[in-house]
file protein-v3.txt (compact mmCIF, C-alpha atoms)
# COMPACT_ATOMS: atom_id res chain seq x y z
CA MET A 132 -28.82 54.38 17.19
CA ARG A 133 -28.47 52.32 14.05
CA ASN A 134 -25.14 52.67 12.27
CA TYR A 135 -25.01 52.87 8.50
CA SER A 136 -22.09 52.28 6.22
CA PRO A 137 -20.94 55.55 4.65
CA ASP A 138 -20.93 53.78 1.27
CA LEU A 139 -24.45 52.77 0.30
CA THR A 140 -23.65 52.12 -3.35
CA PRO A 141 -24.89 48.68 -4.44
CA PRO A 142 -21.97 46.33 -5.23
CA TRP A 143 -23.07 45.98 -8.85
CA LYS A 144 -22.74 49.77 -9.31
CA LYS A 145 -19.30 50.09 -7.75
CA LYS A 146 -16.47 50.80 -10.11
CA GLN A 147 -14.08 47.86 -10.22
CA ALA A 148 -10.36 48.36 -10.18
CA PRO A 149 -8.74 47.82 -13.58
CA VAL A 150 -7.00 44.51 -14.18
CA PRO A 151 -4.16 43.67 -16.58
CA GLU A 152 -4.92 42.79 -20.18
CA VAL A 153 -3.01 39.68 -21.21
CA PRO A 154 -2.70 38.42 -24.82
CA ALA A 155 -4.27 34.95 -25.09
CA GLU A 156 -1.21 33.39 -26.67
CA VAL A 157 -0.88 29.69 -27.37
CA ASP A 158 0.13 27.59 -24.32
CA LEU A 159 -0.77 30.31 -21.80
CA VAL A 160 -2.34 28.46 -18.84
CA VAL A 161 -5.36 30.21 -17.26
CA GLU A 162 -8.46 29.43 -15.23
CA GLU A 163 -11.92 30.61 -16.26
CA VAL A 164 -13.43 32.40 -13.26
CA SER A 165 -17.05 31.22 -13.40
CA THR A 166 -16.43 27.51 -14.05
CA GLY A 167 -12.97 26.93 -12.60
CA PHE A 168 -11.93 25.22 -15.84
CA CYS A 169 -8.14 25.39 -16.10
CA GLY A 170 -6.24 24.83 -19.32
CA ALA A 171 -3.78 26.02 -21.90
CA VAL A 172 -4.80 28.35 -24.71
CA ILE A 173 -5.20 26.45 -27.98
CA ARG A 174 -6.51 29.24 -30.20
CA CYS A 175 -8.49 32.47 -30.36
CA GLU A 176 -11.30 32.95 -32.86
CA LYS A 177 -13.55 35.75 -34.04
CA THR A 178 -17.22 34.71 -33.94
CA ALA A 179 -20.56 36.41 -34.53
CA GLU A 180 -21.00 36.63 -30.73
CA GLY A 181 -17.55 38.10 -30.24
CA PRO A 182 -14.00 36.79 -29.77
CA THR A 183 -13.53 33.47 -28.02
CA VAL A 184 -10.66 31.44 -26.63
CA THR A 185 -10.36 27.64 -26.61
CA LEU A 186 -8.66 26.03 -23.62
CA GLU A 187 -7.34 22.48 -23.30
CA ASP A 188 -7.02 20.95 -19.84
CA ARG A 189 -4.46 18.32 -18.85
CA PHE A 190 -6.92 15.55 -19.73
CA GLY A 191 -7.16 16.78 -23.32
CA LYS A 192 -10.67 18.23 -22.91
CA HIS A 193 -11.42 21.41 -24.87
CA ARG A 194 -13.81 24.21 -23.86
CA VAL A 195 -14.58 27.51 -25.57
CA PHE A 196 -15.08 30.71 -23.57
CA PRO A 197 -15.81 34.33 -24.54
CA LEU A 198 -12.99 36.82 -24.01
CA ALA A 199 -14.98 38.61 -21.33
CA PRO A 200 -13.49 41.37 -19.16
CA ARG A 201 -12.08 40.02 -15.88
CA GLY A 202 -12.95 36.55 -17.10
CA PHE A 203 -9.82 34.58 -16.20
CA LEU A 204 -7.26 33.93 -13.49
CA LEU A 205 -3.57 33.92 -14.36
CA GLU A 206 -1.45 32.50 -11.55
CA GLY A 207 -4.25 33.31 -9.13
CA LYS A 208 -4.82 36.92 -10.27
CA VAL A 209 -7.79 38.22 -12.24
CA VAL A 210 -6.96 39.29 -15.80
CA THR A 211 -8.73 40.18 -19.00
CA LEU A 212 -7.64 38.04 -21.92
CA VAL A 213 -7.40 39.78 -25.27
CA ARG A 214 -6.68 38.49 -28.74
CA PRO A 215 -2.93 38.51 -29.43
CA SER A 216 -1.73 40.95 -32.04
CA ALA A 217 -0.67 39.65 -35.42
CA SER A 218 2.93 40.58 -34.66
CA ALA A 219 2.98 38.82 -31.29
CA PRO A 220 5.16 35.74 -30.90
CA ALA A 221 3.50 32.35 -31.42
CA GLY A 222 3.47 31.47 -27.73
CA ALA A 223 4.03 32.90 -24.30
CA ALA A 224 7.22 32.11 -22.43
CA ARG A 225 6.28 28.88 -20.70
CA THR A 226 8.22 26.01 -19.23
CA ALA A 227 7.59 22.49 -20.54
CA SER A 228 5.32 21.90 -17.53
CA GLY A 229 3.09 24.83 -18.53
CA SER A 230 4.33 27.17 -15.79
CA LEU A 231 5.16 30.79 -16.49
CA ALA A 232 8.86 30.97 -17.41
CA VAL A 233 11.08 33.30 -15.40
CA PRO A 234 13.71 34.72 -17.79
CA GLY A 235 17.15 34.97 -16.25
CA ALA A 236 16.12 33.20 -13.05
CA ARG A 237 18.97 31.51 -11.25
CA ALA A 238 18.70 28.05 -9.82
CA ARG A 239 17.90 28.07 -6.14
CA VAL A 240 20.30 26.46 -3.68
CA ALA A 241 19.20 22.84 -3.33
CA ARG A 242 16.70 22.13 -0.58
CA ALA A 243 17.26 19.41 1.98
CA GLY A 244 14.16 17.69 0.65
CA ARG A 245 14.35 15.36 -2.33
CA ILE A 246 12.22 13.57 -4.88
CA TYR A 247 13.17 9.95 -5.50
CA VAL A 248 12.11 8.08 -8.63
CA GLU A 249 12.60 4.44 -9.49
CA GLY A 250 15.00 4.60 -12.42
CA ARG A 251 17.07 6.70 -14.76
CA HIS A 252 14.34 6.92 -17.39
CA ASP A 253 11.90 8.29 -14.79
CA ALA A 254 14.47 10.90 -13.76
CA GLU A 255 15.14 11.95 -17.36
CA LEU A 256 11.43 12.30 -18.10
CA VAL A 257 10.85 14.42 -14.99
CA GLU A 258 13.82 16.59 -15.98
CA ARG A 259 12.50 16.99 -19.53
CA VAL A 260 9.15 18.38 -18.39
CA TRP A 261 9.73 19.86 -14.93
CA GLY A 262 13.46 20.64 -15.00
CA ASP A 263 13.09 24.44 -15.15
CA ASP A 264 10.56 24.43 -12.31
CA LEU A 265 12.69 22.15 -10.16
CA ARG A 266 15.78 24.33 -10.51
CA ILE A 267 13.87 27.46 -9.53
CA GLU A 268 12.43 25.62 -6.51
CA GLY A 269 15.77 24.04 -5.58
CA VAL A 270 14.43 20.48 -5.75
CA VAL A 271 16.83 17.65 -6.60
CA VAL A 272 15.56 14.45 -8.24
CA GLU A 273 17.47 11.20 -7.67
CA TYR A 274 16.82 7.70 -8.95
CA LEU A 275 16.93 4.52 -6.89
CA GLU A 276 17.07 1.60 -9.36
CA GLY A 277 13.97 0.12 -7.76
CA ILE A 278 12.04 0.52 -4.51
CA ASP A 279 12.34 -2.93 -2.92
CA ASP A 280 14.34 -1.39 -0.05
CA LEU A 281 12.21 1.76 0.23
CA PRO A 282 11.61 1.60 4.02
CA ALA A 283 15.37 1.38 4.64
CA ILE A 284 16.01 4.17 2.12
CA VAL A 285 13.50 6.41 3.91
CA ALA A 286 15.06 5.65 7.29
CA GLU A 287 18.53 6.49 5.98
CA PHE A 288 17.28 9.77 4.49
CA ALA A 289 15.86 10.77 7.91
CA PRO A 290 13.03 13.02 6.67
CA GLY A 291 11.67 15.90 8.72
CA PRO A 292 9.54 19.04 8.34
CA ASP A 293 12.46 20.88 6.71
CA ALA A 294 13.61 17.88 4.67
CA ARG A 295 10.57 16.28 3.11
CA LEU A 296 10.88 13.28 0.84
CA GLY A 297 8.68 12.54 -2.16
CA VAL A 298 8.78 9.19 -3.95
CA LEU A 299 7.40 8.43 -7.43
CA VAL A 300 6.54 4.76 -7.93
CA ASP A 301 5.77 2.80 -11.11
CA HIS A 302 2.81 0.41 -11.23
CA LEU A 303 1.16 1.77 -8.11
CA VAL A 304 -2.12 -0.15 -8.37
CA PRO A 305 -4.10 -2.10 -5.74
CA GLY A 306 -2.58 -5.50 -5.00
CA SER A 307 0.76 -4.84 -6.66
CA LYS A 308 4.11 -5.37 -4.96
CA GLU A 309 4.72 -1.65 -5.33
CA SER A 310 1.49 -0.79 -3.50
CA ARG A 311 2.45 -3.01 -0.57
CA ILE A 312 5.87 -1.39 -0.33
CA ALA A 313 4.36 2.09 -0.53
CA ALA A 314 1.86 1.25 2.21
CA SER A 315 4.72 0.30 4.53
CA VAL A 316 6.01 3.90 4.50
CA THR A 317 3.94 5.96 6.94
CA HIS A 318 6.26 8.80 7.93
CA PRO A 319 4.38 12.14 7.98
CA ASP A 320 7.16 13.90 6.04
CA VAL A 321 7.21 11.33 3.24
CA LEU A 322 4.77 11.20 0.34
CA VAL A 323 4.66 8.16 -1.95
CA VAL A 324 2.60 8.53 -5.13
CA GLY A 325 2.77 6.92 -8.53
CA HIS A 326 1.19 6.02 -11.82
CA PRO A 327 -0.55 2.79 -12.89
CA TYR A 328 1.87 1.73 -15.64
CA ILE A 329 4.43 -1.07 -15.48
CA ASP A 330 7.09 1.37 -16.67
CA VAL A 331 7.27 5.12 -17.14
CA TRP A 332 7.53 4.54 -20.91
CA GLU A 333 3.77 3.99 -20.94
CA ALA A 334 3.14 7.36 -19.28
CA VAL A 335 4.14 8.98 -22.59
CA LYS A 336 1.14 9.32 -24.88
CA PRO A 337 1.41 6.89 -27.84
CA SER A 338 0.59 9.69 -30.29
CA SER A 339 3.67 11.59 -29.11
CA VAL A 340 5.83 8.57 -29.96
CA GLY A 341 4.15 7.99 -33.31
CA ILE A 342 2.51 4.67 -32.41
CA ALA A 343 -1.13 3.59 -32.23
CA GLY A 344 -0.80 2.32 -28.68
CA TRP A 345 1.49 0.62 -26.20
CA PRO A 346 1.55 -3.14 -26.84
CA VAL A 347 0.57 -5.73 -24.25
CA VAL A 348 3.63 -7.77 -23.31
CA PRO A 349 2.96 -11.35 -22.10
CA ARG A 350 3.93 -12.18 -18.54
CA GLY A 351 7.38 -13.64 -18.14
CA GLN A 352 8.95 -11.42 -20.82
CA ASP A 353 11.14 -8.42 -20.13
CA TRP A 354 8.62 -5.63 -20.63
CA LYS A 355 10.86 -3.14 -22.44
CA THR A 356 12.34 -5.78 -24.74
CA GLY A 357 8.83 -7.05 -25.44
CA VAL A 358 7.70 -3.54 -26.38
CA CYS A 359 10.58 -3.14 -28.82
CA ARG A 360 9.82 -6.52 -30.37
CA ALA A 361 6.09 -5.84 -30.70
CA LEU A 362 6.69 -2.44 -32.31
CA GLY A 363 9.30 -3.76 -34.71
CA TRP A 364 12.06 -1.64 -33.15
CA LEU A 365 15.60 -2.84 -32.63
CA GLU A 366 15.80 -4.64 -29.30
CA ASN A 367 17.94 -1.91 -27.81
CA THR A 368 16.08 -0.44 -24.86
CA GLY A 369 18.48 2.49 -24.51
CA ALA A 370 17.92 3.57 -28.11
CA ALA A 371 14.18 2.94 -27.74
CA TRP A 372 14.02 5.21 -24.71
CA GLN A 373 15.80 8.02 -26.55
CA ARG A 374 13.25 7.66 -29.33
CA ILE A 375 10.43 7.90 -26.80
CA LEU A 376 11.96 10.81 -24.88
CA SER A 377 12.51 12.79 -28.09
CA GLY A 378 8.74 12.83 -28.57
CA VAL A 379 8.17 14.58 -25.24
CA ARG A 380 8.10 18.36 -25.68
CA SER A 381 5.80 19.39 -22.84
CA TYR A 382 3.29 18.19 -20.27
CA LYS A 383 0.81 17.64 -23.10
CA ASP A 384 2.77 14.56 -24.17
CA LEU A 385 2.27 12.82 -20.82
CA ASP A 386 -0.59 10.90 -19.25
CA PRO A 387 -2.52 12.88 -16.61
CA SER A 388 -1.80 10.26 -13.94
CA LEU A 389 1.91 11.06 -14.11
CA LEU A 390 1.35 14.82 -14.33
CA GLY A 391 -0.74 14.91 -11.20
CA SER A 392 1.65 12.73 -9.24
CA VAL A 393 4.78 14.73 -10.07
CA GLU A 394 3.12 18.07 -9.37
CA HIS A 395 1.81 16.70 -6.06
CA LEU A 396 5.36 15.69 -5.10
CA ILE A 397 6.79 19.10 -6.01
CA ASP A 398 4.12 20.84 -3.94
CA PHE A 399 4.79 18.48 -1.02
CA VAL A 400 8.56 18.91 -0.83
CA THR A 401 8.40 22.70 -1.34
CA ALA A 402 5.59 23.39 1.16
CA PRO A 403 6.58 25.91 3.89
call {"tool": "encode", "arguments": {"input": "protein-v3.txt", "output": "structure tokens"}}
result
Amino acid sequence: MRNYSPDLTPPWKKKQAPVPEVPAEVDLVVEEVSTGFCGAVIRCEKTAEGPTVTLEDRFGKHRVFPLAPRGFLLEGKVVTLVRPSASAPAGAARTASGSLAVPGARARVARAGRIYVEGRHDAELVERVWGDDLRIEGVVVEYLEGIDDLPAIVAEFAPGPDARLGVLVDHLVPGSKESRIAASVTHPDVLVVGHPYIDVWEAVKPSSVGIAGWPVVPRGQDWKTGVCRALGWLENTGAAWQRILSGVRSYKDLDPSLLGSVEHLIDFVTAP
């Protein structure tokens, strides 16, 4: 005897469970369900075809989507975006990294795992953008003042499945000294990633600093001093860094190569 399902209603006729309606407020990060495009809300507009929302991804690309029912994912869950009311606040509660803020959340007890970065400026930049996320996850960031002794540093840390180590490296490009050092670290509980720039200064978008672009510094010159000289700034690298850091308000002020690397490290050291 052939068995039949007691529910013969075609899927397209089945009543779908209601989903939350979420105001499409500026900086809310969502994913459009049909294309997988993920970005932060830039604006909502009323058009002849109906209301739309413009999203900006981490590469600065903009796309416009209709505010269709069940059209977006928010932190992995289907939602319906709606136009924010006129009285709504200008933006949703978001951390500088674009994550959903957790009001009143206490910092988690520090994990055994760590993220190491090369220098103090790297650590301060990571704190500026990802500090709230790191405290909730219990991840401590430490700086090394260089990675020349990275294999010995890794051995001393003694990483393991419950104490993973992530390392962020400057100038991680093929053929560089940094790439050779990174390649020498092969422990399964260590992840070494980086960005292509000589210094983390360059990972800040020039427009966020108020300059047309990062200057090319001739070989043989101290890079940071050369940058100050080329830009007409006082040759005080500490003051220059504070000027640069003050222009960083969120992930949008950073180059995508750094964003992806830091988020990869956080995922790695917090994985179950």
call {"tool": "atom_distance", "arguments": {"input": "protein-v3.txt", "atom1": "atom CA of Lys383 of chain A", "atom2": "atom CA of Leu265 of chain A"}}
result
18.1 Å
call {"tool": "residues_around", "arguments": {"input": "protein-v3.txt", "residues": "Asp301 of chain A", "least_positions_apart": "2", "cutoff": "8 Å", "atoms": "only C-alpha atoms", "output": "compact mmCIF listing (two decimals) with C-alpha atoms, keeping the file's coordinate frame"}}
result
# COMPACT_ATOMS: atom_id res chain seq x y z
CA GLU A 249 12.60 4.44 -9.49
CA LEU A 299 7.40 8.43 -7.43
CA LEU A 303 1.16 1.77 -8.11
CA GLU A 309 4.72 -1.65 -5.33
CA GLY A 325 2.77 6.92 -8.53
CA HIS A 326 1.19 6.02 -11.82
CA PRO A 327 -0.55 2.79 -12.89
CA TYR A 328 1.87 1.73 -15.64
CA ILE A 329 4.43 -1.07 -15.48
CA ASP A 330 7.09 1.37 -16.67
CA VAL A 331 7.27 5.12 -17.14
call {"tool": "closest_residue", "arguments": {"input": "protein-v3.txt", "among": "A:Pro197, A:Gly369, A:Pro349, A:Gly170", "to": "Trp332 of chain A", "atoms": "all atoms listed in the file"}}
result
A:Gly369
call {"tool": "closest_residue", "arguments": {"input": "protein-v3.txt", "among": "A:Phe196, A:Trp261, A:Phe168, A:Trp354", "to": "Glu394 of chain A", "atoms": "all atoms listed in the file"}}
result
A:Trp261
call {"tool": "residues_around", "arguments": {"input": "protein-v3.txt", "residues": "Val172 of chain A", "least_positions_apart": "2", "cutoff": "10 Å", "atoms": "all atoms listed in the file", "output": "list of chain:residue names"}}
result
A:Ala155, A:Glu156, A:Val157, A:Asp158, A:Leu159, A:Val160, A:Val161, A:Cys169, A:Gly170, A:Arg174, A:Cys175, A:Val184, A:Thr185, A:Leu186, A:Glu187, A:Asp188, A:His193, A:Arg194, A:Val195, A:Gly222, A:Ala223
call {"tool": "closest_residue", "arguments": {"input": "protein-v3.txt", "among": "A:Ser377, A:Thr368, A:Ser339, A:Thr178", "to": "Asp353 of chain A", "atoms": "only C-alpha atoms"}}
result
A:Thr368
call {"tool": "closest_residue", "arguments": {"input": "protein-v3.txt", "among": "A:Ile267, A:Ala370, A:Leu296, A:Ala343", "to": "Val316 of chain A", "atoms": "all atoms listed in the file"}}
result
A:Leu296
call {"tool": "atom_distance", "arguments": {"input": "protein-v3.txt", "atom1": "atom CA of Ala371 of chain A", "atom2": "atom CA of Trp345 of chain A"}}
result
13.0 Å
call {"tool": "atom_distance", "arguments": {"input": "protein-v3.txt", "atom1": "atom CA of Val153 of chain A", "atom2": "atom CA of Leu212 of chain A"}}
result
5.0 Å
call {"tool": "closest_residue", "arguments": {"input": "protein-v3.txt", "among": "A:Val209, A:Gln373, A:Ile312, A:Glu162", "to": "Ala283 of chain A", "atoms": "only C-alpha atoms"}}
result
A:Ile312
call {"tool": "residues_near_point", "arguments": {"input": "protein-v3.txt", "point": "(11.1, 13.4, 5.2)", "cutoff": "10 Å", "atoms": "all atoms listed in the file", "output": "list in words"}}
result
Ala243, Gly244, Arg245, Val285, Ala286, Phe288, Ala289, Pro290, Gly291, Pro292, Asp293, Ala294, Arg295, Leu296, Gly297, His318, Pro319, Asp320, Val321, Leu322 and Val400 of chain A
call {"tool": "residues_around", "arguments": {"input": "protein-v3.txt", "residues": "Thr401 of chain A", "least_positions_apart": "2", "cutoff": "8 Å", "atoms": "all atoms listed in the file", "output": "ChimeraX atom specification"}}
result
/A:244,268,270,397-399,403
call {"tool": "residues_near_point", "arguments": {"input": "protein-v3.txt", "point": "(-3.9, 42.7, -14.4)", "cutoff": "7 Å", "atoms": "only C-alpha atoms", "output": "MDAnalysis selection string"}}
result
chainID A and resid 150:152 209:210
call {"tool": "closest_residue", "arguments": {"input": "protein-v3.txt", "among": "A:Ile284, A:Val260, A:Val213, A:Ile173", "to": "Arg380 of chain A", "atoms": "only C-alpha atoms"}}
result
A:Val260
call {"tool": "decode", "arguments": {"input": "protein-v3.txt", "residues": "segment 253-292 of chain A", "atoms": "N, CA and C atoms", "output": "PDB file, in the first residue's frame"}}
result
ATOM      1  N   ASP A 253      48.837  48.547  16.433  1.00  0.00           N
ATOM      2  CA  ASP A 253      47.930  47.481  15.981  1.00  0.00           C
ATOM      3  C   ASP A 253      46.916  47.155  17.082  1.00  0.00           C
ATOM      4  N   ALA A 254      47.420  47.029  18.320  1.00  0.00           N
ATOM      5  CA  ALA A 254      46.545  46.682  19.438  1.00  0.00           C
ATOM      6  C   ALA A 254      45.502  47.769  19.681  1.00  0.00           C
ATOM      7  N   GLU A 255      45.907  49.022  19.581  1.00  0.00           N
ATOM      8  CA  GLU A 255      44.970  50.125  19.820  1.00  0.00           C
ATOM      9  C   GLU A 255      43.908  50.199  18.724  1.00  0.00           C
ATOM     10  N   LEU A 256      44.296  49.887  17.495  1.00  0.00           N
ATOM     11  CA  LEU A 256      43.325  49.910  16.404  1.00  0.00           C
ATOM     12  C   LEU A 256      42.318  48.771  16.550  1.00  0.00           C
ATOM     13  N   VAL A 257      42.798  47.595  16.905  1.00  0.00           N
ATOM     14  CA  VAL A 257      41.893  46.462  17.136  1.00  0.00           C
ATOM     15  C   VAL A 257      40.938  46.775  18.281  1.00  0.00           C
ATOM     16  N   GLU A 258      41.439  47.377  19.330  1.00  0.00           N
ATOM     17  CA  GLU A 258      40.594  47.759  20.462  1.00  0.00           C
ATOM     18  C   GLU A 258      39.542  48.783  20.038  1.00  0.00           C
ATOM     19  N   ARG A 259      39.935  49.738  19.216  1.00  0.00           N
ATOM     20  CA  ARG A 259      39.007  50.793  18.798  1.00  0.00           C
ATOM     21  C   ARG A 259      37.795  50.210  18.069  1.00  0.00           C
ATOM     22  N   VAL A 260      38.023  49.224  17.213  1.00  0.00           N
ATOM     23  CA  VAL A 260      36.933  48.700  16.386  1.00  0.00           C
ATOM     24  C   VAL A 260      36.280  47.460  16.985  1.00  0.00           C
ATOM     25  N   TRP A 261      37.086  46.572  17.561  1.00  0.00           N
ATOM     26  CA  TRP A 261      36.540  45.284  18.023  1.00  0.00           C
ATOM     27  C   TRP A 261      36.528  45.152  19.549  1.00  0.00           C
ATOM     28  N   GLY A 262      36.840  46.206  20.271  1.00  0.00           N
ATOM     29  CA  GLY A 262      36.965  46.100  21.720  1.00  0.00           C
ATOM     30  C   GLY A 262      35.729  45.549  22.408  1.00  0.00           C
ATOM     31  N   ASP A 263      34.546  46.038  22.056  1.00  0.00           N
ATOM     32  CA  ASP A 263      33.310  45.557  22.687  1.00  0.00           C
ATOM     33  C   ASP A 263      33.100  44.072  22.426  1.00  0.00           C
ATOM     34  N   ASP A 264      33.339  43.651  21.189  1.00  0.00           N
ATOM     35  CA  ASP A 264      33.174  42.242  20.829  1.00  0.00           C
ATOM     36  C   ASP A 264      34.156  41.362  21.589  1.00  0.00           C
ATOM     37  N   LEU A 265      35.394  41.824  21.688  1.00  0.00           N
ATOM     38  CA  LEU A 265      36.431  41.033  22.349  1.00  0.00           C
ATOM     39  C   LEU A 265      36.136  40.849  23.827  1.00  0.00           C
ATOM     40  N   ARG A 266      35.613  41.879  24.473  1.00  0.00           N
ATOM     41  CA  ARG A 266      35.302  41.757  25.904  1.00  0.00           C
ATOM     42  C   ARG A 266      34.157  40.776  26.138  1.00  0.00           C
ATOM     43  N   ILE A 267      33.146  40.817  25.270  1.00  0.00           N
ATOM     44  CA  ILE A 267      32.039  39.870  25.410  1.00  0.00           C
ATOM     45  C   ILE A 267      32.520  38.442  25.175  1.00  0.00           C
ATOM     46  N   GLU A 268      33.463  38.271  24.249  1.00  0.00           N
ATOM     47  CA  GLU A 268      33.977  36.928  23.939  1.00  0.00           C
ATOM     48  C   GLU A 268      35.095  36.496  24.881  1.00  0.00           C
ATOM     49  N   GLY A 269      35.605  37.416  25.695  1.00  0.00           N
ATOM     50  CA  GLY A 269      36.683  37.065  26.612  1.00  0.00           C
ATOM     51  C   GLY A 269      38.026  36.862  25.936  1.00  0.00           C
ATOM     52  N   VAL A 270      38.268  37.613  24.853  1.00  0.00           N
ATOM     53  CA  VAL A 270      39.519  37.480  24.100  1.00  0.00           C
ATOM     54  C   VAL A 270      40.452  38.632  24.451  1.00  0.00           C
ATOM     55  N   VAL A 271      41.671  38.295  24.839  1.00  0.00           N
ATOM     56  CA  VAL A 271      42.684  39.298  25.176  1.00  0.00           C
ATOM     57  C   VAL A 271      43.617  39.474  23.986  1.00  0.00           C
ATOM     58  N   VAL A 272      43.924  40.751  23.677  1.00  0.00           N
ATOM     59  CA  VAL A 272      44.867  41.074  22.606  1.00  0.00           C
ATOM     60  C   VAL A 272      46.154  41.603  23.231  1.00  0.00           C
ATOM     61  N   GLU A 273      47.286  41.046  22.819  1.00  0.00           N
ATOM     62  CA  GLU A 273      48.585  41.491  23.319  1.00  0.00           C
ATOM     63  C   GLU A 273      49.479  41.848  22.146  1.00  0.00           C
ATOM     64  N   TYR A 274      50.420  42.773  22.372  1.00  0.00           N
ATOM     65  CA  TYR A 274      51.327  43.114  21.283  1.00  0.00           C
ATOM     66  C   TYR A 274      52.742  42.654  21.588  1.00  0.00           C
ATOM     67  N   LEU A 275      53.486  42.376  20.504  1.00  0.00           N
ATOM     68  CA  LEU A 275      54.758  41.671  20.606  1.00  0.00           C
ATOM     69  C   LEU A 275      55.983  42.535  20.339  1.00  0.00           C
ATOM     70  N   GLU A 276      55.803  43.725  19.757  1.00  0.00           N
ATOM     71  CA  GLU A 276      56.939  44.531  19.298  1.00  0.00           C
ATOM     72  C   GLU A 276      57.752  43.764  18.253  1.00  0.00           C
ATOM     73  N   GLY A 277      57.043  43.225  17.265  1.00  0.00           N
ATOM     74  CA  GLY A 277      57.709  42.506  16.187  1.00  0.00           C
ATOM     75  C   GLY A 277      57.499  41.007  16.282  1.00  0.00           C
ATOM     76  N   ILE A 278      57.728  40.320  15.136  1.00  0.00           N
ATOM     77  CA  ILE A 278      57.476  38.872  15.094  1.00  0.00           C
ATOM     78  C   ILE A 278      58.724  38.076  14.720  1.00  0.00           C
ATOM     79  N   ASP A 279      59.900  38.671  14.815  1.00  0.00           N
ATOM     80  CA  ASP A 279      61.116  37.957  14.429  1.00  0.00           C
ATOM     81  C   ASP A 279      61.280  36.648  15.202  1.00  0.00           C
ATOM     82  N   ASP A 280      60.827  36.628  16.448  1.00  0.00           N
ATOM     83  CA  ASP A 280      60.963  35.431  17.287  1.00  0.00           C
ATOM     84  C   ASP A 280      59.640  34.675  17.417  1.00  0.00           C
ATOM     85  N   LEU A 281      58.793  34.756  16.377  1.00  0.00           N
ATOM     86  CA  LEU A 281      57.463  34.167  16.481  1.00  0.00           C
ATOM     87  C   LEU A 281      57.474  32.671  16.790  1.00  0.00           C
ATOM     88  N   PRO A 282      58.306  31.853  16.154  1.00  0.00           N
ATOM     89  CA  PRO A 282      58.286  30.420  16.498  1.00  0.00           C
ATOM     90  C   PRO A 282      58.550  30.172  17.985  1.00  0.00           C
ATOM     91  N   ALA A 283      59.499  30.903  18.564  1.00  0.00           N
ATOM     92  CA  ALA A 283      59.796  30.735  19.990  1.00  0.00           C
ATOM     93  C   ALA A 283      58.641  31.237  20.848  1.00  0.00           C
ATOM     94  N   ILE A 284      57.992  32.319  20.406  1.00  0.00           N
ATOM     95  CA  ILE A 284      56.847  32.868  21.141  1.00  0.00           C
ATOM     96  C   ILE A 284      55.707  31.862  21.159  1.00  0.00           C
ATOM     97  N   VAL A 285      55.469  31.214  20.009  1.00  0.00           N
ATOM     98  CA  VAL A 285      54.412  30.208  19.919  1.00  0.00           C
ATOM     99  C   VAL A 285      54.721  29.031  20.835  1.00  0.00           C
ATOM    100  N   ALA A 286      55.974  28.580  20.811  1.00  0.00           N
ATOM    101  CA  ALA A 286      56.358  27.448  21.652  1.00  0.00           C
ATOM    102  C   ALA A 286      56.174  27.773  23.132  1.00  0.00           C
ATOM    103  N   GLU A 287      56.518  28.991  23.518  1.00  0.00           N
ATOM    104  CA  GLU A 287      56.361  29.388  24.923  1.00  0.00           C
ATOM    105  C   GLU A 287      54.889  29.475  25.316  1.00  0.00           C
ATOM    106  N   PHE A 288      54.041  29.905  24.391  1.00  0.00           N
ATOM    107  CA  PHE A 288      52.609  30.006  24.674  1.00  0.00           C
ATOM    108  C   PHE A 288      51.986  28.626  24.876  1.00  0.00           C
ATOM    109  N   ALA A 289      52.519  27.616  24.199  1.00  0.00           N
ATOM    110  CA  ALA A 289      52.021  26.237  24.289  1.00  0.00           C
ATOM    111  C   ALA A 289      50.542  26.144  23.926  1.00  0.00           C
ATOM    112  N   PRO A 290      50.195  26.445  22.676  1.00  0.00           N
ATOM    113  CA  PRO A 290      48.787  26.412  22.269  1.00  0.00           C
ATOM    114  C   PRO A 290      48.209  25.002  22.289  1.00  0.00           C
ATOM    115  N   GLY A 291      46.886  24.937  22.392  1.00  0.00           N
ATOM    116  CA  GLY A 291      46.176  23.673  22.370  1.00  0.00           C
ATOM    117  C   GLY A 291      44.743  23.918  21.965  1.00  0.00           C
ATOM    118  N   PRO A 292      43.928  22.874  21.860  1.00  0.00           N
ATOM    119  CA  PRO A 292      42.527  23.035  21.444  1.00  0.00           C
ATOM    120  C   PRO A 292      41.735  23.999  22.323  1.00  0.00           C
TER     121      PRO A 292
END
